[in-house]
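Dropping data-v7.txt in here (compact mmCIF, C-alpha atoms and all ligand atoms):
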# COMPACT_ATOMS: atom_id res chain seq x y z
CA MET P 1 0.00 0.00 0.00
CA LEU P 2 1.20 3.47 -0.86
CA VAL P 3 2.15 5.65 2.07
CA HIS P 4 0.97 9.26 1.81
CA ALA P 5 2.04 12.44 3.55
CA VAL P 6 0.27 13.04 6.84
CA LYS P 7 -2.94 15.05 6.48
CA GLY P 8 -2.31 18.80 6.57
CA MET P 9 1.43 18.44 5.84
CA ASN P 10 2.93 19.55 2.53
CA ASP P 11 5.90 18.78 0.32
CA VAL P 12 7.65 21.93 -0.86
CA ARG P 13 9.39 20.99 -4.09
CA PRO P 14 10.54 22.12 -7.54
CA GLN P 15 7.82 22.52 -10.17
CA ALA P 16 5.06 22.03 -7.63
CA ALA P 17 1.60 21.97 -9.17
CA ASP P 18 0.42 24.31 -6.39
CA ALA P 19 2.61 27.30 -7.14
CA PHE P 20 2.74 28.36 -3.49
CA LEU P 21 4.57 25.12 -2.63
CA ASP P 22 7.23 25.69 -5.27
CA THR P 23 10.87 25.72 -4.14
CA ARG P 24 11.59 28.98 -5.94
CA VAL P 25 8.86 30.85 -4.13
CA TRP P 26 10.09 29.58 -0.75
CA GLU P 27 13.68 30.47 -1.55
CA TYR P 28 12.58 33.92 -2.56
CA VAL P 29 10.61 34.43 0.68
CA HIS P 30 13.50 33.22 2.84
CA THR P 31 16.14 35.23 1.01
CA VAL P 32 14.20 38.47 1.22
CA ALA P 33 13.19 37.87 4.86
CA ALA P 34 16.78 37.09 5.86
CA GLU P 35 17.99 40.29 4.19
CA VAL P 36 15.37 42.46 5.82
CA LEU P 37 15.80 40.96 9.32
CA HIS P 38 19.57 41.17 9.03
CA SER P 39 19.34 44.79 7.93
CA PHE P 40 17.46 45.59 11.18
CA GLY P 41 20.16 43.94 13.32
CA TYR P 42 18.49 40.58 13.98
CA HIS P 43 20.56 37.42 14.48
CA HIS P 44 19.49 34.08 13.08
CA THR P 45 18.80 31.39 15.71
CA TRP P 46 18.15 27.67 15.23
CA LEU P 47 16.23 26.31 18.20
CA PRO P 48 14.81 22.83 18.91
CA ILE P 49 11.57 21.77 17.26
CA VAL P 50 10.69 19.64 20.29
CA GLU P 51 10.33 21.10 23.78
CA GLU P 52 8.89 19.88 27.06
CA THR P 53 5.10 20.07 26.96
CA ALA P 54 5.06 22.12 30.17
CA LEU P 55 6.84 25.00 28.40
CA PHE P 56 3.95 25.54 26.00
CA ALA P 57 1.24 24.85 28.56
CA ARG P 58 2.71 27.52 30.87
CA GLY P 59 3.82 29.90 28.14
CA ILE P 60 0.91 29.93 25.70
CA GLY P 61 -1.83 29.31 28.27
CA GLU P 62 -3.86 26.19 29.17
CA GLU P 63 -7.12 27.76 28.02
CA THR P 64 -5.97 28.59 24.50
CA ASP P 65 -7.13 26.49 21.52
CA ILE P 66 -3.49 25.71 20.76
CA VAL P 67 -2.74 24.11 24.12
CA SER P 68 -6.15 22.61 24.84
CA LYS P 69 -6.77 21.02 21.42
CA GLU P 70 -3.99 21.37 18.90
CA MET P 71 -0.65 20.22 20.26
CA TYR P 72 1.21 17.20 18.96
CA SER P 73 2.40 15.78 22.27
CA PHE P 74 3.99 12.45 23.04
CA THR P 75 5.93 10.61 25.69
CA ASP P 76 9.48 9.77 24.61
CA ARG P 77 11.41 6.63 25.47
CA GLY P 78 12.67 8.23 28.67
CA GLY P 79 9.10 8.93 29.80
CA ARG P 80 9.36 12.69 29.19
CA MET P 81 6.25 14.57 28.01
CA LEU P 82 7.31 16.39 24.86
CA THR P 83 5.55 18.50 22.21
CA LEU P 84 6.32 19.47 18.62
CA ARG P 85 6.50 23.25 18.89
CA PRO P 86 3.25 24.98 17.88
CA GLU P 87 4.97 28.39 17.78
CA GLY P 88 8.44 29.86 18.23
CA THR P 89 8.27 32.36 21.06
CA ALA P 90 8.08 29.99 24.04
CA GLY P 91 11.21 28.14 22.88
CA ALA P 92 13.06 31.41 22.24
CA VAL P 93 12.22 32.63 25.73
CA ARG P 94 13.33 29.30 27.21
CA ALA P 95 16.68 29.64 25.43
CA TYR P 96 17.07 33.29 26.44
CA ILE P 97 16.59 32.33 30.08
CA GLU P 98 18.68 29.16 29.91
CA HIS P 99 21.72 31.01 28.55
CA ASN P 100 21.42 33.81 31.09
CA LEU P 101 21.24 36.48 28.43
CA GLY P 102 19.30 38.77 30.70
CA ARG P 103 22.47 39.12 32.77
CA THR P 104 24.99 39.60 29.96
CA ASP P 105 23.08 41.80 27.53
CA PRO P 106 19.31 41.89 27.96
CA VAL P 107 18.75 43.60 24.61
CA GLN P 108 18.77 40.84 22.01
CA ARG P 109 17.36 40.69 18.51
CA TRP P 110 16.69 37.14 17.36
CA TRP P 111 14.98 35.68 14.34
CA TYR P 112 14.11 32.15 13.27
CA ALA P 113 12.49 30.25 10.42
CA GLY P 114 11.13 26.74 10.60
CA PRO P 115 8.21 24.36 10.95
CA MET P 116 5.46 24.63 13.55
CA PHE P 117 2.80 22.02 14.30
CA ARG P 118 -0.84 22.49 15.19
CA ALA P 119 -3.59 19.90 14.76
CA GLU P 120 -6.08 22.36 13.26
CA ARG P 121 -8.66 21.45 10.64
CA PRO P 122 -6.70 21.76 7.38
CA GLN P 123 -7.99 24.14 4.72
CA LYS P 124 -6.51 26.57 2.21
CA GLY P 125 -3.81 28.51 4.08
CA ARG P 126 -4.15 26.41 7.22
CA TYR P 127 -1.99 23.33 7.72
CA ARG P 128 -0.87 21.01 10.49
CA GLN P 129 2.79 21.43 9.71
CA PHE P 130 3.33 24.99 8.59
CA TYR P 131 6.34 27.29 8.51
CA GLN P 132 6.91 30.55 10.26
CA ILE P 133 9.50 33.26 9.98
CA GLY P 134 9.53 35.18 13.21
CA ALA P 135 11.59 37.45 15.43
CA GLU P 136 11.87 38.45 19.05
CA LEU P 137 13.27 41.71 20.42
CA PHE P 138 14.09 41.24 24.10
CA GLY P 139 14.89 43.86 26.71
CA VAL P 140 13.23 47.05 25.43
CA ALA P 141 10.16 48.31 27.27
CA GLY P 142 9.54 51.50 25.30
CA PRO P 143 7.23 51.99 22.33
CA GLN P 144 10.22 52.40 20.02
CA ALA P 145 10.62 48.60 19.97
CA ASP P 146 6.99 48.04 18.89
CA ALA P 147 7.17 50.81 16.30
CA GLU P 148 10.47 49.62 14.88
CA MET P 149 9.18 46.07 14.54
CA LEU P 150 6.11 47.30 12.68
CA MET P 151 8.32 49.35 10.36
CA MET P 152 10.46 46.28 9.73
CA LEU P 153 7.38 44.19 8.89
CA TYR P 154 6.07 46.87 6.60
CA ARG P 155 9.44 46.92 4.87
CA LEU P 156 9.36 43.12 4.59
CA CYS P 157 5.96 43.22 2.87
CA GLN P 158 7.14 45.98 0.54
CA ARG P 159 10.25 44.02 -0.34
CA LEU P 160 8.17 40.94 -1.08
CA GLY P 161 5.93 43.06 -3.28
CA ILE P 162 2.95 42.60 -0.95
CA VAL P 163 1.59 46.12 -1.18
CA ASP P 164 -2.01 45.48 -0.15
CA ALA P 165 -1.26 44.30 3.41
CA HIS P 166 -3.73 45.77 5.85
CA VAL P 167 -2.05 46.66 9.15
CA ARG P 168 -4.31 46.25 12.20
CA LEU P 169 -3.29 47.32 15.70
CA ASN P 170 -4.70 47.13 19.17
CA SER P 171 -3.44 47.39 22.73
CA LEU P 172 -4.15 44.88 25.48
CA GLY P 173 -2.78 47.37 28.01
CA ASP P 174 -0.96 46.49 31.23
CA ASP P 175 -2.22 43.96 33.80
CA ALA P 176 -4.48 46.42 35.59
CA SER P 177 -6.04 47.74 32.36
CA ARG P 178 -6.57 44.23 31.08
CA GLN P 179 -8.23 43.12 34.30
CA ARG P 180 -10.55 46.14 34.18
CA TYR P 181 -11.37 45.35 30.57
CA ARG P 182 -11.96 41.65 31.23
CA ASP P 183 -14.45 42.57 33.95
CA ALA P 184 -16.24 45.13 31.75
CA LEU P 185 -16.38 42.74 28.82
CA ARG P 186 -17.60 39.84 30.93
CA SER P 187 -20.41 41.87 32.42
CA TYR P 188 -21.43 43.12 28.95
CA LEU P 189 -21.36 39.59 27.51
CA SER P 190 -23.29 38.11 30.40
CA THR P 191 -26.30 40.21 29.43
CA ARG P 192 -26.18 38.62 25.96
CA ARG P 193 -25.09 35.12 26.85
CA ASP P 194 -27.87 33.39 24.91
CA ALA P 195 -26.80 34.99 21.63
CA LEU P 196 -23.27 33.53 21.94
CA CYS P 197 -22.15 30.21 20.50
CA GLU P 198 -21.40 27.38 22.90
CA SER P 199 -17.61 27.88 22.78
CA CYS P 200 -17.99 31.59 23.49
CA GLN P 201 -20.26 30.90 26.46
CA HIS P 202 -17.33 28.91 27.86
CA ARG P 203 -14.76 31.53 26.77
CA MET P 204 -16.79 34.26 28.41
CA ASP P 205 -15.99 32.78 31.81
CA HIS P 206 -12.41 31.68 31.19
CA ASN P 207 -10.97 33.94 28.50
CA PRO P 208 -13.54 36.61 27.53
CA LEU P 209 -11.20 38.48 25.18
CA ARG P 210 -11.29 35.52 22.78
CA VAL P 211 -15.02 36.12 22.22
CA LEU P 212 -14.00 39.26 20.27
CA ASP P 213 -12.25 36.98 17.84
CA CYS P 214 -15.08 34.49 17.15
CA LYS P 215 -16.00 34.19 13.48
CA ARG P 216 -19.64 33.15 14.03
CA GLU P 217 -22.21 35.69 12.94
CA GLY P 218 -24.16 35.70 16.20
CA CYS P 219 -21.03 36.38 18.24
CA ARG P 220 -19.82 39.03 15.82
CA ALA P 221 -23.10 40.86 16.19
CA VAL P 222 -22.84 40.74 19.98
CA VAL P 223 -19.28 42.11 20.12
CA GLN P 224 -20.11 44.96 17.75
CA ASP P 225 -21.25 47.06 20.70
CA ALA P 226 -18.89 45.59 23.28
CA PRO P 227 -16.87 48.02 25.42
CA ASP P 228 -13.60 49.21 23.89
CA ILE P 229 -10.37 48.52 25.81
CA ILE P 230 -9.05 51.95 24.84
CA ASP P 231 -11.51 53.47 27.33
CA VAL P 232 -10.05 51.58 30.29
CA LEU P 233 -6.33 51.77 29.45
CA SER P 234 -4.14 53.18 32.21
CA ASP P 235 -2.35 56.45 31.39
CA ASP P 236 0.98 54.70 30.83
CA ALA P 237 -0.51 52.09 28.52
CA ARG P 238 -2.34 54.76 26.56
CA VAL P 239 0.77 56.95 26.13
CA HIS P 240 2.73 53.90 24.99
CA PHE P 241 0.10 52.93 22.42
CA ASP P 242 -0.31 56.55 21.22
CA CYS P 243 3.45 56.74 20.62
CA VAL P 244 3.47 53.56 18.55
CA GLN P 245 0.62 54.86 16.40
CA GLN P 246 2.19 58.30 16.04
CA TRP P 247 5.58 56.93 14.98
CA ILE P 248 4.37 54.44 12.45
CA GLY P 249 2.02 57.08 11.06
CA ASP P 250 5.04 59.41 10.75
CA ALA P 251 6.81 56.61 8.86
CA GLY P 252 4.01 56.65 6.29
CA ILE P 253 2.46 53.33 7.32
CA GLY P 254 -1.32 53.26 6.99
CA PHE P 255 -3.07 51.22 9.70
CA THR P 256 -6.41 50.60 11.36
CA ARG P 257 -6.88 50.50 15.09
CA ASP P 258 -9.09 47.45 15.51
CA LYS P 259 -10.87 47.21 18.84
CA HIS P 260 -11.74 43.58 18.12
CA LEU P 261 -8.18 42.45 17.54
CA VAL P 262 -7.00 39.89 20.10
CA ARG P 263 -4.46 37.08 19.73
CA GLY P 264 -4.78 33.33 20.11
CA LEU P 265 -1.96 33.09 22.65
CA ASP P 266 -2.29 34.28 26.23
CA TYR P 267 1.14 35.78 26.71
CA TYR P 268 0.50 39.09 24.96
CA THR P 269 0.46 42.42 26.83
CA GLY P 270 0.31 45.95 25.39
CA THR P 271 0.56 46.45 21.64
CA ILE P 272 -0.67 43.62 19.42
CA PHE P 273 -0.84 43.62 15.63
CA GLU P 274 -1.83 41.61 12.61
CA PHE P 275 -1.21 42.15 8.89
CA THR P 276 -3.96 40.73 6.68
CA SER P 277 -4.59 40.44 2.96
CA GLY P 278 -7.94 40.07 1.21
CA ALA P 279 -6.22 37.96 -1.46
CA LEU P 280 -5.78 35.09 1.05
CA GLY P 281 -9.46 34.22 1.47
CA SER P 282 -10.82 33.20 4.86
CA GLN P 283 -7.40 32.56 6.46
CA ASP P 284 -6.39 36.14 5.81
CA ALA P 285 -3.65 36.75 8.42
CA ILE P 286 -0.20 37.10 6.88
CA LEU P 287 1.52 37.68 10.20
CA GLY P 288 0.82 38.60 13.77
CA GLY P 289 2.53 39.46 16.99
CA GLY P 290 2.91 41.94 19.77
CA ARG P 291 4.34 42.66 23.18
CA TYR P 292 4.78 40.00 25.82
CA ASP P 293 6.31 41.78 28.79
CA ARG P 294 5.59 39.11 31.40
CA LEU P 295 6.52 35.87 29.66
CA VAL P 296 10.25 35.79 30.44
CA GLN P 297 9.52 36.22 34.12
CA GLU P 298 6.62 33.77 34.07
CA LEU P 299 8.91 31.12 32.63
CA GLY P 300 11.43 31.67 35.41
CA GLY P 301 13.72 34.39 34.03
CA PRO P 302 14.39 37.96 35.13
CA ALA P 303 11.66 40.54 34.38
CA THR P 304 12.33 41.31 30.71
CA PRO P 305 10.03 43.17 28.34
CA ALA P 306 9.84 41.79 24.81
CA VAL P 307 8.04 42.11 21.50
CA GLY P 308 7.84 39.62 18.64
CA PHE P 309 6.08 38.52 15.47
CA ALA P 310 5.56 35.43 13.35
CA ALA P 311 4.63 35.31 9.67
CA GLY P 312 3.19 32.27 7.90
CA VAL P 313 5.48 31.23 5.05
CA GLU P 314 2.69 29.37 3.18
CA ARG P 315 0.63 32.55 3.22
CA LEU P 316 3.48 34.78 2.06
CA ALA P 317 4.15 32.19 -0.66
CA LEU P 318 0.48 32.15 -1.69
CA LEU P 319 0.49 35.91 -2.15
CA ILE P 320 3.75 35.92 -4.04
CA SER P 321 2.97 32.94 -6.27
CA GLN P 322 -0.05 34.81 -7.58
CA ARG P 323 2.46 37.11 -9.28
CA GLU P 324 3.67 35.05 -12.15
CA GLY P 325 7.06 36.66 -12.62
CA VAL P 326 8.47 35.16 -9.42
CA LEU P 327 7.85 31.62 -10.58
CA LYS P 328 8.93 32.00 -14.14
CA GLY P 329 11.91 34.04 -13.13
CA GLY P 330 10.94 36.67 -15.70
CA PRO P 331 10.54 40.40 -15.16
CA HIS P 332 7.64 41.54 -13.02
CA LEU P 333 7.29 44.50 -15.32
CA TYR P 334 8.41 44.80 -18.91
CA VAL P 335 8.45 48.41 -20.07
CA VAL P 336 8.16 48.97 -23.82
CA PRO P 337 9.10 52.49 -24.94
CA MET P 338 8.04 53.76 -28.36
CA ALA P 339 10.53 55.97 -30.15
CA GLY P 340 11.03 59.15 -28.15
CA ALA P 341 9.85 57.63 -24.85
CA GLU P 342 13.14 55.93 -23.93
CA SER P 343 14.29 58.44 -21.38
CA ALA P 344 10.91 58.46 -19.63
CA ALA P 345 10.90 54.65 -19.63
CA PHE P 346 14.30 54.45 -17.95
CA ARG P 347 13.29 57.00 -15.35
CA LEU P 348 10.04 55.25 -14.55
CA ALA P 349 11.59 51.77 -14.44
CA ASP P 350 14.22 53.01 -12.02
CA GLY P 351 11.58 54.63 -9.84
CA VAL P 352 9.75 51.29 -9.53
CA ARG P 353 12.99 49.48 -8.66
CA ALA P 354 13.86 52.05 -5.99
CA ASN P 355 10.35 51.81 -4.63
CA ASN P 356 10.88 48.11 -3.97
CA ALA P 357 14.55 48.06 -3.12
CA ALA P 358 15.31 46.27 -6.42
CA VAL P 359 13.53 43.05 -5.54
CA TRP P 360 11.12 43.44 -8.41
CA ARG P 361 12.71 42.85 -11.73
CA VAL P 362 11.88 45.68 -14.06
CA GLU P 363 13.19 45.39 -17.59
CA VAL P 364 13.07 48.08 -20.23
CA ASP P 365 12.89 46.80 -23.80
CA VAL P 366 16.11 47.86 -25.51
CA SER P 367 15.67 45.62 -28.52
CA GLY P 368 13.65 48.19 -30.46
CA GLY P 369 11.72 46.57 -33.25
CA LYS P 370 8.00 46.51 -33.74
CA LEU P 371 5.52 46.57 -30.88
CA LYS P 372 4.29 43.10 -31.75
CA GLN P 373 7.82 41.67 -31.49
CA GLN P 374 8.41 43.49 -28.24
CA MET P 375 5.21 42.07 -26.78
CA ARG P 376 6.19 38.59 -27.90
CA ARG P 377 9.52 39.06 -26.19
CA ALA P 378 7.83 40.15 -22.96
CA ASP P 379 5.75 36.98 -23.07
CA LYS P 380 8.69 34.73 -23.84
CA LEU P 381 10.63 36.12 -20.90
CA GLY P 382 7.74 35.16 -18.63
CA SER P 383 6.94 38.76 -17.69
CA HIS P 384 4.09 39.35 -15.29
CA ALA P 385 3.02 42.69 -16.75
CA VAL P 386 3.78 45.05 -19.62
CA LEU P 387 3.62 48.82 -19.78
CA VAL P 388 3.82 50.46 -23.19
CA LEU P 389 4.99 54.08 -23.24
CA GLY P 390 4.23 56.19 -26.27
CA GLU P 391 3.37 59.75 -27.09
CA ASP P 392 -0.18 59.52 -25.69
CA GLU P 393 1.01 58.13 -22.38
CA LEU P 394 3.67 60.81 -21.99
CA ASN P 395 1.20 63.58 -22.87
CA THR P 396 -1.55 62.42 -20.51
CA GLY P 397 0.68 61.07 -17.72
CA HIS P 398 -1.42 57.90 -17.74
CA GLY P 399 -0.92 54.42 -19.21
CA ARG P 400 -2.25 50.88 -18.97
CA ILE P 401 -0.50 47.95 -17.36
CA LYS P 402 -1.33 44.69 -19.09
CA ILE P 403 -1.26 41.59 -16.88
CA LEU P 404 -0.16 38.91 -19.32
CA ARG P 405 -1.65 35.90 -17.53
CA THR P 406 -5.19 37.26 -17.53
CA GLY P 407 -5.02 39.82 -20.35
CA ALA P 408 -6.48 42.41 -17.95
CA GLU P 409 -5.49 46.02 -18.58
CA VAL P 410 -5.23 48.24 -15.54
CA PRO P 411 -5.17 52.04 -15.97
CA VAL P 412 -2.34 53.61 -14.01
CA ALA P 413 -0.75 57.00 -13.43
CA LEU P 414 2.85 57.09 -14.70
CA ASP P 415 4.23 57.25 -11.21
CA ALA P 416 6.50 54.67 -9.53
CA ALA P 417 4.33 54.19 -6.44
CA ALA P 418 1.13 53.79 -8.47
CA ILE P 419 2.79 51.25 -10.74
CA ALA P 420 4.20 49.34 -7.77
CA ALA P 421 0.72 49.21 -6.25
CA VAL P 422 -0.72 47.65 -9.42
CA LEU P 423 2.13 45.12 -9.65
CA GLY P 424 1.68 44.08 -6.03
CA ARG P 425 -2.02 43.37 -6.39
CA ALA P 426 -2.83 39.70 -6.70
CA ASP P 427 -5.09 40.00 -9.76
P1 LIG D 1 0.20 32.83 15.37
O1 LIG D 1 1.43 32.09 15.82
O2 LIG D 1 -1.06 32.05 15.61
O3 LIG D 1 0.15 34.23 15.89
O4 LIG D 1 0.28 32.94 13.80
C1 LIG D 1 1.18 33.77 13.11
C2 LIG D 1 1.06 33.51 11.63
O5 LIG D 1 1.36 32.15 11.33
C3 LIG D 1 -0.37 33.70 11.10
O6 LIG D 1 -0.60 35.04 10.79
C4 LIG D 1 -0.35 32.82 9.87
O7 LIG D 1 0.24 33.49 8.78
C5 LIG D 1 0.55 31.68 10.28
N1 LIG D 1 -0.22 30.50 10.73
C6 LIG D 1 -0.73 30.25 11.96
N2 LIG D 1 -1.32 29.06 12.01
C7 LIG D 1 -1.19 28.51 10.79
C8 LIG D 1 -1.58 27.25 10.20
N3 LIG D 1 -2.23 26.30 10.89
N4 LIG D 1 -1.27 27.03 8.90
C9 LIG D 1 -0.60 27.96 8.18
N5 LIG D 1 -0.20 29.15 8.68
C10 LIG D 1 -0.48 29.42 9.97

Whole structure, structure tokens version:
Amino acid sequence: MLVHAVKGMNDVRPQAADAFLDTRVWEYVHTVAAEVLHSFGYHHTWLPIVEETALFARGIGEETDIVSKEMYSFTDRGGRMLTLRPEGTAGAVRAYIEHNLGRTDPVQRWWYAGPMFRAERPQKGRYRQFYQIGAELFGVAGPQADAEMLMMLYRLCQRLGIVDAHVRLNSLGDDASRQRYRDALRSYLSTRRDALCESCQHRMDHNPLRVLDCKREGCRAVVQDAPDIIDVLSDDARVHFDCVQQWIGDAGIGFTRDKHLVRGLDYYTGTIFEFTSGALGSQDAILGGGRYDRLVQELGGPATPAVGFAAGVERLALLISQREGVLKGGPHLYVVPMAGAESAAFRLADGVRANNAAVWRVEVDVSGGKLKQQMRRADKLGSHAVLVLGEDELNTGHGRIKILRTGAEVPVALDAAAIAAVLGRAD
């Protein structure tokens, strides 16, 4: 009998029929991520995939879905209770404590990439063995750490050509704020208990914040009018969160403050965030993370503030594989100048490259010839999109980007940022 891969676990390989499982896409994601993380001063770590079960139970929280239902746990030959890691932060914190880094230099920037395991119901974008690229910044309590991490993640998305990422932020405040909010939320929910699903009726008592996150319609309607944590934040927590928002706004990053945003792991405190993309379907989170100022201490280390994130590699790969150029290795944009438009074409092409730190391949046709031949050449190279520049385009300042796979023509202003936005869209 043929043995198959375990349900919810994928083979990433060359020429994969599902483009998002293709080797080239994964190499591209890892290369770009490594460059961006390195450029922000992060050091690559390789930590064990297996840890003692108690680490996750204490770190992530017994009441979370991950710990209560999704862990792959087993007893090894020595009788130890072990678990395949469902996420990377608990292990990183364990290592940070074990090597006494709090005493030598508490400020540490770490990143990792590797498989995680959760026995969730598999569906598009959700697997039982999936890969994360993540980072932890230990030892900085101030909002500059949160803001810098968000800027780094924004840069990562830009570099990967994911320009439609929606940045959502919230604050879970400090312990006192969170306790006040839990009480307020619980008393609000208790007046509407019957409208909640069965799981949320249980969550309401044990972990009321998770009700905000429920996807069922009835529960979503109930939380619409739920109290907002922002109203019960302590002054310190509010100033911290205001600073983060101010600084990333100053950096030109658009975001939404989402009062319903919570995270599936209990260790978060203060700022939390998620980047989503409509192109992913129902599993729309590209990455998530936030502050976890108590975890190092809770796991037996010295009091150490920290902030971290994890991005799903399958989801990054899904977004990227929808842009054909990455797979075929051809240019993302092939610019075809008519006679007289050469200089404008070079200028525009260079603007798009600078806009994306040269990760997008932009090629200007220098072969001359007839338009038909130039278009054929664009196709043969495996280009994702073509922009023809002629007299009309230069006079009006507007052109049309043709997406070769679909034949769609998208009107665009002749401006590097506008062109980059069209190229980054998944259509
Ligand atoms: P989390 O560790 O739950 O905060 O998730 C961080 C990121 O990992 C998410 O935004 C997803 O991109 C990805 N992710 C989480 N769970 C899965 C899964 N079961 N399959 C694929 N990707 C996942």

Close residues to ligand LIG 1 (chain D) using all atoms listed in the file, limit 7 Å, as JSON, numbers by chain: {"P": [87, 118, 120, 125, 126, 127, 128, 129, 130, 131, 132, 263, 264, 274, 285, 286, 287, 288, 289, 310, 311, 312, 313, 314, 315]}

Neighbouring residues of P:Arg24 were defined as those with any atom within 10 Å, considering only C-alpha atoms; residues of the same chain fewer than 2 positions away were excluded. Please report them as a CSV table (one decimal) with C-alpha atoms, in the frame of the given file.
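Wrote around.csv, looks like this:
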chain,number,residue,atom,x,y,z
P,12,VAL,CA,7.6,21.9,-0.9
P,13,ARG,CA,9.4,21.0,-4.1
P,14,PRO,CA,10.5,22.1,-7.5
P,15,GLN,CA,7.8,22.5,-10.2
P,16,ALA,CA,5.1,22.0,-7.6
P,19,ALA,CA,2.6,27.3,-7.1
P,20,PHE,CA,2.7,28.4,-3.5
P,21,LEU,CA,4.6,25.1,-2.6
P,22,ASP,CA,7.2,25.7,-5.3
P,26,TRP,CA,10.1,29.6,-0.8
P,27,GLU,CA,13.7,30.5,-1.6
P,28,TYR,CA,12.6,33.9,-2.6
P,29,VAL,CA,10.6,34.4,0.7
P,30,HIS,CA,13.5,33.2,2.8
P,317,ALA,CA,4.2,32.2,-0.7
P,321,SER,CA,3.0,32.9,-6.3
P,326,VAL,CA,8.5,35.2,-9.4
P,327,LEU,CA,7.8,31.6,-10.6
P,328,LYS,CA,8.9,32.0,-14.1
P,329,GLY,CA,11.9,34.0,-13.1

Within 9 Å of P:Leu153, counting all atoms listed in the file, which residues show up once you throw out same-chain ones fewer than 6 positions away? Write them as a count of residues only, please. 4

Pick out the closest residue to P:Ala378 from this set: P:Tyr334, P:Asn10, P:Thr406, P:Asp415. Count only C-alpha atoms. P:Tyr334

Separation of atom CA of P:Arg58 from atom CA of P:Gln283, in Å and rounded to one decimal: 26.9 Å

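Between atom CA of P:Arg192 and atom CA of P:Asp225 lies a distance of 11.1 Å.
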
Each residue of stretch 291-346 of chain P with at least one atom at most 8 Å from stretch 95-116 of chain P should appear once, together with its nearest atom pair and the corresponding distance in Å (one decimal); atoms considered: only C-alpha atoms; ordering: chain, then increasing residue number; output as a Markdown table.
| residue | atom | partner | partner_atom | distance |
| --- | --- | --- | --- | --- |
| P:Val296 | CA | P:Ile97 | CA | 7.2 |
| P:Gly300 | CA | P:Ile97 | CA | 7.4 |
| P:Gly301 | CA | P:Ile97 | CA | 5.3 |
| P:Pro302 | CA | P:Gly102 | CA | 6.7 |
| P:Thr304 | CA | P:Gly102 | CA | 7.4 |

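Put simply, atom CA of P:Arg238 is 20.4 Å away from atom CA of P:Leu212.
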
Where does stretch 99-197 of chain P meet stretch 352-374 of chain P within 9 Å, residue by residue, with the nearest atom pair and distance in Å to one decimal for each, counting all atoms listed in the file, listed by chain and rising number, as a Markdown table?
| residue | atom | partner | partner_atom | distance |
| --- | --- | --- | --- | --- |
| P:Gln158 | CA | P:Asn356 | CA | 6.2 |
| P:Arg159 | CA | P:Asn356 | CA | 5.5 |
| P:Leu160 | CA | P:Val359 | CA | 7.3 |
| P:Gly161 | CA | P:Asn356 | CA | 7.1 |

Write the residues you've just listed into a file as a PDB file, keeping the file's coordinate frame, and include C-alpha atoms for each of them.
ATOM      1  CA  GLN P 158       7.140  45.980   0.540  1.00  0.00           C
ATOM      2  CA  ARG P 159      10.250  44.020  -0.340  1.00  0.00           C
ATOM      3  CA  LEU P 160       8.170  40.940  -1.080  1.00  0.00           C
ATOM      4  CA  GLY P 161       5.930  43.060  -3.280  1.00  0.00           C
TER       5      GLY P 161
END

Give the answer as one residue: which of P:Leu261, P:Ile403, P:Ala135, P:Leu280 has the shortest atom-to-atom distance to P:His43, using only C-alpha atoms?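 For P:His43, the nearest of the given residues is P:Ala135.
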
Counting all atoms listed in the file, the residue of P:Gln224, P:Ser68, P:Thr23, P:Ser199 that sits nearest P:His260: P:Gln224

Might you pull out every residue within 9 Å of P:His166, with all atoms listed in the file counted and same-chain residues fewer than 6 positions away left off, and present them as a list in words? Gly254, Phe255, Thr256, Glu274, Phe275, Thr276, Ser277 and Gly278 of chain P

Mind listing whatever residues come within 7 Å of the point (0.5, 37.6, -25.0)? Use only C-alpha atoms, file coordinates, and give them as a ChimeraX atom specification. /P:375-376,379,404

Nearest to P:Ile272: which of P:Ile419, P:Leu169, P:Cys214, P:Ala176 is it, counting all atoms listed in the file? P:Leu169

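Minimum atom-to-atom distance to P:Arg400, evaluated using only C-alpha atoms, belongs to P:Val336 out of P:Ala251, P:Ala344, P:Val32, P:Val336.
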
I want to know what sits within 10 Å of P:His398, based on only C-alpha atoms, with residues of the same chain fewer than 5 positions away left out; could you give that as a ChimeraX atom specification? /P:389,392-393,411-415

For the selection just defined, write its residues with C-alpha atoms to a file, as a PDB file, in the coordinates of the input.
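In the end it all went to selection.pdb:
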ATOM      1  CA  LEU P 389       4.990  54.080 -23.240  1.00  0.00           C
ATOM      2  CA  ASP P 392      -0.180  59.520 -25.690  1.00  0.00           C
ATOM      3  CA  GLU P 393       1.010  58.130 -22.380  1.00  0.00           C
ATOM      4  CA  PRO P 411      -5.170  52.040 -15.970  1.00  0.00           C
ATOM      5  CA  VAL P 412      -2.340  53.610 -14.010  1.00  0.00           C
ATOM      6  CA  ALA P 413      -0.750  57.000 -13.430  1.00  0.00           C
ATOM      7  CA  LEU P 414       2.850  57.090 -14.700  1.00  0.00           C
ATOM      8  CA  ASP P 415       4.230  57.250 -11.210  1.00  0.00           C
TER       9      ASP P 415
END

From the options P:Leu172, P:Leu196, P:Ala341, P:Val223, which residue's atoms come nearest to P:Ala237, counting all atoms listed in the file? P:Leu172
